Protein chains: 2
Amino acid sequence: MVDIATRVHNHKWKIDPIVRSLIDTDFYKLLMCQSVFRNKRDTDVTFSLINRTASVRLADLVDEGELRQQLDHVRSLRLSRGESTFLRGNTFYGKRQMFRPDFMEWFEGMQLPPYHLEKRDGQYELTFIGKWPEVMLWEIPALAVLMELRSRAVLERLGKFELEVLYARGMTKLWEKIERLRQIEDLKIADFGTRRRHSFLWQDWCVQAMREGLGQAFSGTSNCLIAMRREVEAIGTNAHELPMVYAALANSDAELAQAPYQVLADWHEEHDGNLRIILPDTYGTEGFLRNAPEWLSQWTGIRIDSGDPAAGAETAILWWQSRGEDPRQKLVIFSDGLDVDKIEELHRQFHGRVKASFGWGTLLTNDFRGLVADDALAPFSLVCKAVSANGRPTVKLSDNPNKAMGPAAEIARYKRVFGIGEQVAQDVLV
Amino acid sequence: MVDIATRVHNHKWKIDPIVRSLIDTDFYKLLMCQSVFRNKRDTDVTFSLINRTASVRLADLVDEGELRQQLDHVRSLRLSRGESTFLRGNTFYGKRQMFRPDFMEWFEGMQLPPYHLEKRDGQYELTFIGKWPEVMLWEIPALAVLMELRSRAVLERLGKFELEVLYARGMTKLWEKIERLRQIEDLKIADFGTRRRHSFLWQDWCVQAMREGLGQAFSGTSNCLIAMRREVEAIGTNAHELPMVYAALANSDAELAQAPYQVLADWHEEHDGNLRIILPDTYGTEGFLRNAPEWLSQWTGIRIDSGDPAAGAETAILWWQSRGEDPRQKLVIFSDGLDVDKIEELHRQFHGRVKASFGWGTLLTNDFRGLVADDALAPFSLVCKAVSANGRPTVKLSDNPNKAMGPAAEIARYKRVFGIGEQVAQDVLV
């Protein structure tokens with residue numbers, strides 16, 4: 001029977017909104033936001049969109065008017081009552097009331113701050129300026145909007161059956177990956193693909209396919225909205241923006257050297273168990289671990305997010321051993337540029353030596369490579385980063401010089417302060 | 001919005017009917033039915049289901065109760081007013097009122113006769129007895145019901161996402177075939193896959209995919225219901241059952257030798273143009289053409305449905321040349337066991353020499369080979385044939401001894417009468 005009401009209702013949409021909820025974001029953004037809200041809420045920050053894949057000329061592909069409509073729609077969003085209830089009442093990482101009442105009250109009234117958008121050289125300059133707890137929540141929706149508008153621009157050229165077959169191929173491709181992953185003993189894998197997803201509906205499909213295909217081996221999704229709707233675990237801990245902003249706020253080289261540890265000291269007070277995951281690479285993993293305070297070696301695990309992941313994990317193992325810790329009790333989360341080959345390889349190398357776990361991102365939720373002409377749906381490397389804090393530029397070095405960012409003079413200073421020597425460059429695919 | 005009415009309505013179905021319309025059948029059955037209705041309406045015939053693939057044990061796979069429910073549902077069908085209007089008013093092969101008023105009046109009142117069902121050795125014995133014009137209309141629905149019940153039995157074991165990925169793979173597989181077909185210059189191809197389809201919905205999808213993917217190269221579907229709903233051409237002419245029954249009715253060897261020509265003489269009176277297509281192989285193509293009357297060489301074309309198709313087409317070309325006809329003006333319809341490789345090969349060999357055209361059946365509408373465990377969805381060779389007429393057994397020889405049917409003594413007699421020598425055996429896949 002024709003559902004006339006739905007069809008008429010659909011006519012009323014001026015746009016098909018990409019982001020329809022403030023919790024259609026990575027769970028760790030909310031965890032970090034609460035931490036920032038408690039410790040640094042008055043910090044002024046600027047976040048900027050950076051497209052590391054210059055060959056994808058976003059401003060040529062995506063109409064500025066449409067982009068503005070989508071971003072305006074995101075700004076119109078407020079936390080809904082059900083979302084608030086979920087965040088307040090749900091058990092995250094085995095803990096109830098992860099989000100404190102003062103934070104929730106603030107979040108319920110929060111609106112994302114204005115954006116600044118300009119075109120330059122075929123790219124969009126998209127900037128968010130304001131207080132850190134608000135601005136930081138732009139990161140994921142801004143990326144998701146641009147990724148999906150790019151997908152839509154490409155998909156617009158396809159016929160109805162070409163579209164259906166495209167998704168059929170995408171589904172087949174993912175399912176074949178899942179069938180390979182199913183063979184891996186004791187696998188633990190989560191969806192980390194919100195920011196680079198092909199589209200919201202596609203990510204939602206991927207999560208459900210992972211759940212049916214992998215069962216207990218699928219540990220959850222970083223996407224808070226999908227976790228709520230599909231009743232799977234929300235996954236995530238913390239990211240580079242914390243040490244980057246803390247470092248920018250440092251008033252001396254000595255404070256700078258301590259900044260990454262100060263981040264984790266603040267985190268240590270708030271969280272325990274599986275939320276105590278070290279992200280060591282912001283200013284070089286080796287130096288970070290060498291100089292780390294004693295209490296940090298007792299943390300639950302480490303996340304390897306740049307550089308050669310096997311080398312990073314071996315470094316962590318040696319470090320734990322040097323601190324008298326048993327690596328077999330430690331969690332190692334691989335989250336950089338994963339696909340099935342790499343997951344199999346890392347699993348072979350580390351299974352039984354550590355508790356390995358995988359945060360699978362772009363090539364889970366956006367692998368349409370080879371499926372349309374000119375590979376026009378291939379994923380690309382779009383990020384949205386804190387570029388300044390209280391007027392000072394931020395710096396990221398990471399374990400891959402191709403991922404470094406910040407003014408050259410500041411990069412040099414950071415390299416000196418953190419004792420960074422030669423680094424091996426790795427291609428940045430996504 | 002929830003369409004409550006639809007959900008409640010769906011609860012009322014006791015079964016999910018496979019065949020929901022009397023015109024969910026091959027168009028040529030209706031053309032032949034009208035011819036039989038005019039010329040032989042009082043003939044008593046028996047049609048039987050024959051599964052040529054013994055390894056597919058239908059009675060073990062398909063529940064007898066469900067099969068009876070589906071067949072009972074088919075018997076409950078009557079020609080609807082809209083279907084009747086379509087048959088009466090539509091232009092078929094450029095001709096209006098293809099179906100005469102007396103035939104339509106009979107068809108509007110027609111109900112399929114009872115069926116006889118027994119289990120034996122893991123197979124179903126399914127038999128239809130009655131007057132030829134009614135019994136013959138059981139062929140396609142009986143096959144479609146059994147094919148789809150077998151699909152359902154296999155699909156029942158799959159999870160929701162496994163199902164979705166199965167269809168994703170099936171769609172991808174077909175689309176890749178279409179992309180290859182698109183490269184073929186001057187291709188003419190039609191869907192002939194009703195009888196062996198995976199399911200009704202799948203055939204409907206295949207037809208739409210062919211239409212979008214091939215454009216003008218797709219000439220239509222043999223399925224009358226899909227042709228009506230999707231507004232594509234209904235395609236088909238005549239089949240072996242006509243000469244088989246005419247031959248069984250012959251009262252002497254001399255009448256038997258003339259029976260295949262008598263069929264076409266009756267057809268000649270009723271049809272012209274693209275409906276004048278010779279199906280020469282029932283009792284051996286070579287002898288049939290050698291002894292054919294002069295007027296038959298002026299027919300529009302020939303359909304090659306058994307034996308080596310290239311050899312069959314070469315035989316036809318030589319025959320036309322020997323009769324002073326220009327083969328380049330003649331239509332050659334290939335319709336036996338086609339897939340893309342074979343289509344490409346035949347096209348290469350005959351493009352420019354004849355007007356080649358392809359009736360693509362089982363491997364269009366039922367190619368899920370290799371997509372589930374134990375290849376449990378692979379198509380199999382199920383047919384439903386006239387086995388007797390007015391109490392006498394029918395015989396089919398065809399150009400492939402593996403497709404021969406009938407009592408051994410009768411086969412020997414037919415071979416003698418039609419002068420059949422050695423034949424080359426071809427595997428019967430579908």
# chains A, B, ... in the order shown; residues from 1 in each chain; ligands from 1
>>> closest_atom_pairs(of="chain A", to="chain B", cutoff="9 Å", atoms="only C-alpha atoms", output="CSV")
residue,atom,partner,partner_atom,distance
A:Met1,CA,B:Thr6,CA,6.0
A:Val2,CA,B:Asp3,CA,8.4
A:Asp3,CA,B:Asp3,CA,6.4
A:Ala5,CA,B:Met1,CA,7.5
A:Thr6,CA,B:Met1,CA,6.0
A:Gly159,CA,B:Glu212,CA,7.8
A:Lys160,CA,B:Glu212,CA,8.0
A:Phe161,CA,B:Ala209,CA,6.0
A:Glu162,CA,B:Gly213,CA,8.0
A:Glu164,CA,B:Met171,CA,8.2
A:Val165,CA,B:Thr172,CA,5.7
A:Leu166,CA,B:Thr172,CA,8.0
A:Tyr167,CA,B:Ala168,CA,7.5
A:Ala168,CA,B:Ala168,CA,3.9
A:Arg169,CA,B:Thr172,CA,5.8
A:Gly170,CA,B:Ala168,CA,8.4
A:Met171,CA,B:Val165,CA,6.1
A:Thr172,CA,B:Val165,CA,5.7
A:Trp175,CA,B:Val165,CA,6.9
A:Gln208,CA,B:Phe161,CA,8.0
A:Ala209,CA,B:Phe161,CA,6.0
A:Glu212,CA,B:Phe161,CA,6.7
A:Gly213,CA,B:Phe161,CA,7.7
>>> write_last_selection(atoms="C-alpha atoms", output="PDB file, in the first residue's frame")
ATOM      1  CA  MET A   1       0.000   0.000   0.000  1.00  0.00           C
ATOM      2  CA  VAL A   2       1.317   3.449  -0.831  1.00  0.00           C
ATOM      3  CA  ASP A   3       2.522   5.320   2.218  1.00  0.00           C
ATOM      4  CA  ALA A   5       2.266  10.465   4.222  1.00  0.00           C
ATOM      5  CA  THR A   6       5.909   9.434   3.927  1.00  0.00           C
ATOM      6  CA  GLY A 159      22.060   5.214 -13.448  1.00  0.00           C
ATOM      7  CA  LYS A 160      19.703   3.426 -11.084  1.00  0.00           C
ATOM      8  CA  PHE A 161      21.009  -0.053 -11.792  1.00  0.00           C
ATOM      9  CA  GLU A 162      24.608   1.085 -11.927  1.00  0.00           C
ATOM     10  CA  GLU A 164      22.473  -0.811  -7.257  1.00  0.00           C
ATOM     11  CA  VAL A 165      25.344  -2.814  -8.695  1.00  0.00           C
ATOM     12  CA  LEU A 166      27.884  -0.440  -7.191  1.00  0.00           C
ATOM     13  CA  TYR A 167      26.504  -1.134  -3.730  1.00  0.00           C
ATOM     14  CA  ALA A 168      26.215  -4.819  -4.559  1.00  0.00           C
ATOM     15  CA  ARG A 169      29.914  -4.782  -5.357  1.00  0.00           C
ATOM     16  CA  GLY A 170      30.767  -2.801  -2.246  1.00  0.00           C
ATOM     17  CA  MET A 171      28.816  -5.257  -0.114  1.00  0.00           C
ATOM     18  CA  THR A 172      30.457  -8.226  -1.777  1.00  0.00           C
ATOM     19  CA  TRP A 175      31.752  -9.501   2.924  1.00  0.00           C
ATOM     20  CA  GLN A 208      25.580  -4.620  10.928  1.00  0.00           C
ATOM     21  CA  ALA A 209      27.444  -6.809   8.457  1.00  0.00           C
ATOM     22  CA  GLU A 212      26.453 -10.735  11.787  1.00  0.00           C
ATOM     23  CA  GLY A 213      29.626 -11.910  10.077  1.00  0.00           C
TER      24      GLY A 213
END
>>> select_by_dssp(residues="segment 289-347 of chain B", states="helix (DSSP H, G or I)", output="PyMOL selection string")
chain B and resi 289-290+294-298+309-322+327-329+340-347
>>> write_last_selection(atoms="C-alpha atoms", output="compact mmCIF listing (two decimals), in the first residue's frame")
# COMPACT_ATOMS: atom_id res chain seq x y z
CA LEU B 289 15.38 -28.82 -43.62
CA ARG B 290 16.23 -31.18 -46.48
CA GLU B 294 9.31 -24.55 -50.49
CA TRP B 295 7.23 -21.98 -48.58
CA LEU B 296 9.19 -22.70 -45.38
CA SER B 297 12.43 -21.37 -46.83
CA GLN B 298 10.71 -17.99 -47.09
CA PRO B 309 24.66 -24.15 -32.16
CA ALA B 310 27.34 -23.05 -34.62
CA ALA B 311 26.88 -26.24 -36.63
CA GLY B 312 23.11 -25.72 -36.56
CA ALA B 313 23.43 -22.18 -37.86
CA GLU B 314 25.85 -23.23 -40.62
CA THR B 315 23.38 -25.92 -41.64
CA ALA B 316 20.63 -23.30 -41.83
CA ILE B 317 22.82 -20.96 -43.91
CA LEU B 318 23.64 -23.70 -46.41
CA TRP B 319 19.98 -24.63 -46.59
CA TRP B 320 18.86 -21.07 -47.29
CA GLN B 321 21.56 -20.72 -49.95
CA SER B 322 20.45 -23.99 -51.56
CA PRO B 327 20.98 -15.72 -45.24
CA ARG B 328 21.85 -12.09 -44.40
CA GLN B 329 18.13 -11.33 -44.47
CA VAL B 340 28.33 -14.65 -22.33
CA ASP B 341 31.31 -16.62 -23.69
CA LYS B 342 29.07 -18.58 -26.04
CA ILE B 343 27.17 -15.44 -27.09
CA GLU B 344 30.43 -13.65 -27.92
CA GLU B 345 31.69 -16.66 -29.85
CA LEU B 346 28.49 -17.11 -31.87
CA HIS B 347 28.30 -13.40 -32.54
>>> residues_around(residues="Trp360 of chain A", least_positions_apart="5", cutoff="12 Å", atoms="only C-alpha atoms", output="NGL selection string")
:A and (177-178 or 181 or 188-197 or 203 or 206-207 or 210 or 218-222 or 235-236 or 305 or 333-340 or 342-343 or 365-367 or 430)
>>> residues_around(residues="Asn402 of chain B", least_positions_apart="6", cutoff="8 Å", atoms="only C-alpha atoms", output="list in words")
Ala425, Gln426, Asp427 and Val428 of chain B
>>> residues_around(residues="segment 69-78 of chain B", least_positions_apart="6", cutoff="8 Å", atoms="only C-alpha atoms", output="list in words")
Ile15, Pro17, Ile18, Val19, Arg20, Ser21, Leu22, Glu108, Gly109, Met110, Gln111, Leu112, Pro113, Pro114, Pro141, Ala142 and Val145 of chain B
>>> write_last_selection(atoms="C-alpha atoms", output="tab-separated table (two decimals), in the first residue's frame")
chain	number	residue	atom	x	y	z
B	15	ILE	CA	1.83	-18.57	1.90
B	17	PRO	CA	2.75	-17.24	-3.57
B	18	ILE	CA	5.36	-17.83	-6.22
B	19	VAL	CA	3.12	-17.53	-9.27
B	20	ARG	CA	0.53	-14.78	-8.84
B	21	SER	CA	-0.78	-14.39	-12.36
B	22	LEU	CA	-1.78	-16.63	-15.26
B	108	GLU	CA	-10.84	-15.43	-19.26
B	109	GLY	CA	-12.86	-18.38	-17.99
B	110	MET	CA	-9.99	-20.83	-17.85
B	111	GLN	CA	-8.80	-22.54	-14.66
B	112	LEU	CA	-5.79	-24.83	-14.69
B	113	PRO	CA	-6.83	-28.51	-14.37
B	114	PRO	CA	-5.97	-30.65	-11.30
B	141	PRO	CA	4.10	-22.18	-13.54
B	142	ALA	CA	4.93	-25.77	-12.51
B	145	VAL	CA	7.15	-23.11	-8.55
>>> residues_around(residues="Ile278 of chain A", least_positions_apart="5", cutoff="10 Å", atoms="only C-alpha atoms", output="PyMOL selection string")
chain A and resi 237-239+261+264+289+296-297+299-304+331-333
>>> residues_around(residues="Arg41 of chain A", least_positions_apart="5", cutoff="7 Å", atoms="only C-alpha atoms", output="list of chain:residue names")
A:Val36, A:Lys131, A:Trp132, A:Pro133
>>> select_by_dssp(residues="segment 108-260 of chain A", states="strand (DSSP E or B)", output="PyMOL selection string")
chain A and resi 115-120+123-131+189-191+218-221+223+234
>>> closest_residue(among="B:Arg57, B:Lys95, B:Ser199, B:Glu83", to="Lys119 of chain B", atoms="only C-alpha atoms")
B:Arg57
>>> atom_distance(atom1="atom CA of Ser388 of chain A", atom2="atom CA of Glu270 of chain A")
25.4 Å
>>> atom_distance(atom1="atom CA of Gly352 of chain B", atom2="atom CA of Arg276 of chain B")
21.0 Å
>>> decode(residues="segment 52-169 of chain A", atoms="C-alpha atoms", output="PDB file, in the first residue's frame")
ATOM      1  CA  ARG A  52      46.110  15.781   2.295  1.00  0.00           C
ATOM      2  CA  THR A  53      45.088  14.386  -1.114  1.00  0.00           C
ATOM      3  CA  ALA A  54      45.525  17.422  -3.373  1.00  0.00           C
ATOM      4  CA  SER A  55      44.405  15.470  -6.458  1.00  0.00           C
ATOM      5  CA  VAL A  56      40.853  15.331  -5.084  1.00  0.00           C
ATOM      6  CA  ARG A  57      39.721  18.886  -5.840  1.00  0.00           C
ATOM      7  CA  LEU A  58      36.838  19.138  -3.406  1.00  0.00           C
ATOM      8  CA  ALA A  59      35.783  22.651  -4.365  1.00  0.00           C
ATOM      9  CA  ASP A  60      35.384  21.564  -7.993  1.00  0.00           C
ATOM     10  CA  LEU A  61      33.391  18.486  -7.047  1.00  0.00           C
ATOM     11  CA  VAL A  62      31.187  19.786  -4.266  1.00  0.00           C
ATOM     12  CA  ASP A  63      28.833  22.731  -4.664  1.00  0.00           C
ATOM     13  CA  GLU A  64      29.465  25.466  -2.096  1.00  0.00           C
ATOM     14  CA  GLY A  65      25.752  26.089  -1.580  1.00  0.00           C
ATOM     15  CA  GLU A  66      25.118  22.450  -0.786  1.00  0.00           C
ATOM     16  CA  LEU A  67      28.062  22.338   1.565  1.00  0.00           C
ATOM     17  CA  ARG A  68      26.762  25.390   3.415  1.00  0.00           C
ATOM     18  CA  GLN A  69      23.288  23.872   3.671  1.00  0.00           C
ATOM     19  CA  GLN A  70      24.716  20.706   5.177  1.00  0.00           C
ATOM     20  CA  LEU A  71      26.925  22.587   7.647  1.00  0.00           C
ATOM     21  CA  ASP A  72      24.015  24.868   8.583  1.00  0.00           C
ATOM     22  CA  HIS A  73      21.927  21.789   9.211  1.00  0.00           C
ATOM     23  CA  VAL A  74      24.594  20.419  11.551  1.00  0.00           C
ATOM     24  CA  ARG A  75      24.501  23.712  13.422  1.00  0.00           C
ATOM     25  CA  SER A  76      20.734  23.366  13.830  1.00  0.00           C
ATOM     26  CA  LEU A  77      21.137  20.089  15.719  1.00  0.00           C
ATOM     27  CA  ARG A  78      20.658  19.775  19.473  1.00  0.00           C
ATOM     28  CA  LEU A  79      21.122  16.741  21.647  1.00  0.00           C
ATOM     29  CA  SER A  80      17.761  14.973  21.732  1.00  0.00           C
ATOM     30  CA  ARG A  81      16.142  13.694  24.873  1.00  0.00           C
ATOM     31  CA  GLY A  82      16.652  10.065  23.878  1.00  0.00           C
ATOM     32  CA  GLU A  83      20.289  10.652  23.032  1.00  0.00           C
ATOM     33  CA  SER A  84      20.808  12.357  26.351  1.00  0.00           C
ATOM     34  CA  THR A  85      19.118   9.487  28.162  1.00  0.00           C
ATOM     35  CA  PHE A  86      21.347   7.046  26.344  1.00  0.00           C
ATOM     36  CA  LEU A  87      24.540   8.914  27.239  1.00  0.00           C
ATOM     37  CA  ARG A  88      23.455   9.351  30.840  1.00  0.00           C
ATOM     38  CA  GLY A  89      22.100   5.850  31.392  1.00  0.00           C
ATOM     39  CA  ASN A  90      24.158   3.526  29.213  1.00  0.00           C
ATOM     40  CA  THR A  91      27.069   1.430  30.442  1.00  0.00           C
ATOM     41  CA  PHE A  92      30.248   2.332  28.575  1.00  0.00           C
ATOM     42  CA  TYR A  93      33.291   0.162  29.098  1.00  0.00           C
ATOM     43  CA  GLY A  94      31.471  -1.507  31.969  1.00  0.00           C
ATOM     44  CA  LYS A  95      30.904   1.785  33.772  1.00  0.00           C
ATOM     45  CA  ARG A  96      27.607   3.563  34.412  1.00  0.00           C
ATOM     46  CA  GLN A  97      27.367   7.337  34.399  1.00  0.00           C
ATOM     47  CA  MET A  98      30.526   7.742  32.367  1.00  0.00           C
ATOM     48  CA  PHE A  99      29.234  11.186  31.508  1.00  0.00           C
ATOM     49  CA  ARG A 100      28.844  13.422  34.549  1.00  0.00           C
ATOM     50  CA  PRO A 101      25.694  15.498  35.157  1.00  0.00           C
ATOM     51  CA  ASP A 102      27.465  18.872  34.732  1.00  0.00           C
ATOM     52  CA  PHE A 103      28.856  17.829  31.362  1.00  0.00           C
ATOM     53  CA  MET A 104      25.524  16.440  30.218  1.00  0.00           C
ATOM     54  CA  GLU A 105      23.732  19.611  31.187  1.00  0.00           C
ATOM     55  CA  TRP A 106      26.209  21.634  29.144  1.00  0.00           C
ATOM     56  CA  PHE A 107      25.978  19.209  26.197  1.00  0.00           C
ATOM     57  CA  GLU A 108      22.180  19.373  26.196  1.00  0.00           C
ATOM     58  CA  GLY A 109      22.366  23.121  25.624  1.00  0.00           C
ATOM     59  CA  MET A 110      25.273  23.057  23.206  1.00  0.00           C
ATOM     60  CA  GLN A 111      25.120  24.324  19.650  1.00  0.00           C
ATOM     61  CA  LEU A 112      28.067  24.004  17.308  1.00  0.00           C
ATOM     62  CA  PRO A 113      29.757  27.397  16.743  1.00  0.00           C
ATOM     63  CA  PRO A 114      29.781  29.157  13.331  1.00  0.00           C
ATOM     64  CA  TYR A 115      32.048  27.989  10.554  1.00  0.00           C
ATOM     65  CA  HIS A 116      34.205  29.954   8.117  1.00  0.00           C
ATOM     66  CA  LEU A 117      34.262  28.710   4.572  1.00  0.00           C
ATOM     67  CA  GLU A 118      36.277  29.856   1.578  1.00  0.00           C
ATOM     68  CA  LYS A 119      37.391  28.338  -1.694  1.00  0.00           C
ATOM     69  CA  ARG A 120      41.072  28.341  -2.588  1.00  0.00           C
ATOM     70  CA  ASP A 121      42.878  26.502  -5.377  1.00  0.00           C
ATOM     71  CA  GLY A 122      40.124  23.954  -5.892  1.00  0.00           C
ATOM     72  CA  GLN A 123      39.919  23.194  -2.167  1.00  0.00           C
ATOM     73  CA  TYR A 124      37.701  24.380   0.650  1.00  0.00           C
ATOM     74  CA  GLU A 125      39.202  26.259   3.559  1.00  0.00           C
ATOM     75  CA  LEU A 126      36.892  25.386   6.400  1.00  0.00           C
ATOM     76  CA  THR A 127      37.711  26.736   9.835  1.00  0.00           C
ATOM     77  CA  PHE A 128      36.048  26.613  13.233  1.00  0.00           C
ATOM     78  CA  ILE A 129      36.960  29.113  15.935  1.00  0.00           C
ATOM     79  CA  GLY A 130      35.769  29.195  19.532  1.00  0.00           C
ATOM     80  CA  LYS A 131      36.000  27.459  22.871  1.00  0.00           C
ATOM     81  CA  TRP A 132      37.658  24.085  22.735  1.00  0.00           C
ATOM     82  CA  PRO A 133      34.752  21.903  24.000  1.00  0.00           C
ATOM     83  CA  GLU A 134      32.448  23.224  21.271  1.00  0.00           C
ATOM     84  CA  VAL A 135      34.861  23.545  18.386  1.00  0.00           C
ATOM     85  CA  MET A 136      36.243  20.058  18.857  1.00  0.00           C
ATOM     86  CA  LEU A 137      32.797  18.590  18.214  1.00  0.00           C
ATOM     87  CA  TRP A 138      32.887  19.940  14.664  1.00  0.00           C
ATOM     88  CA  GLU A 139      35.685  17.595  13.599  1.00  0.00           C
ATOM     89  CA  ILE A 140      33.725  14.444  12.818  1.00  0.00           C
ATOM     90  CA  PRO A 141      30.564  16.016  11.326  1.00  0.00           C
ATOM     91  CA  ALA A 142      32.673  18.306   9.136  1.00  0.00           C
ATOM     92  CA  LEU A 143      34.631  15.338   7.790  1.00  0.00           C
ATOM     93  CA  ALA A 144      31.529  13.192   7.382  1.00  0.00           C
ATOM     94  CA  VAL A 145      29.738  15.970   5.483  1.00  0.00           C
ATOM     95  CA  LEU A 146      32.583  16.516   3.059  1.00  0.00           C
ATOM     96  CA  MET A 147      33.232  12.818   2.526  1.00  0.00           C
ATOM     97  CA  GLU A 148      29.577  12.148   1.779  1.00  0.00           C
ATOM     98  CA  LEU A 149      29.099  15.199  -0.450  1.00  0.00           C
ATOM     99  CA  ARG A 150      32.049  13.971  -2.465  1.00  0.00           C
ATOM    100  CA  SER A 151      30.441  10.512  -2.712  1.00  0.00           C
ATOM    101  CA  ARG A 152      27.161  12.066  -3.786  1.00  0.00           C
ATOM    102  CA  ALA A 153      28.864  14.179  -6.440  1.00  0.00           C
ATOM    103  CA  VAL A 154      30.319  11.041  -7.998  1.00  0.00           C
ATOM    104  CA  LEU A 155      27.162   8.947  -7.578  1.00  0.00           C
ATOM    105  CA  GLU A 156      25.031  11.567  -9.281  1.00  0.00           C
ATOM    106  CA  ARG A 157      26.434  10.460 -12.639  1.00  0.00           C
ATOM    107  CA  LEU A 158      25.305   6.830 -12.254  1.00  0.00           C
ATOM    108  CA  GLY A 159      22.060   5.214 -13.448  1.00  0.00           C
ATOM    109  CA  LYS A 160      19.703   3.426 -11.084  1.00  0.00           C
ATOM    110  CA  PHE A 161      21.009  -0.053 -11.792  1.00  0.00           C
ATOM    111  CA  GLU A 162      24.608   1.085 -11.927  1.00  0.00           C
ATOM    112  CA  LEU A 163      24.030   2.401  -8.412  1.00  0.00           C
ATOM    113  CA  GLU A 164      22.473  -0.811  -7.257  1.00  0.00           C
ATOM    114  CA  VAL A 165      25.344  -2.814  -8.695  1.00  0.00           C
ATOM    115  CA  LEU A 166      27.884  -0.440  -7.191  1.00  0.00           C
ATOM    116  CA  TYR A 167      26.504  -1.134  -3.730  1.00  0.00           C
ATOM    117  CA  ALA A 168      26.215  -4.819  -4.559  1.00  0.00           C
ATOM    118  CA  ARG A 169      29.914  -4.782  -5.357  1.00  0.00           C
TER     119      ARG A 169
END
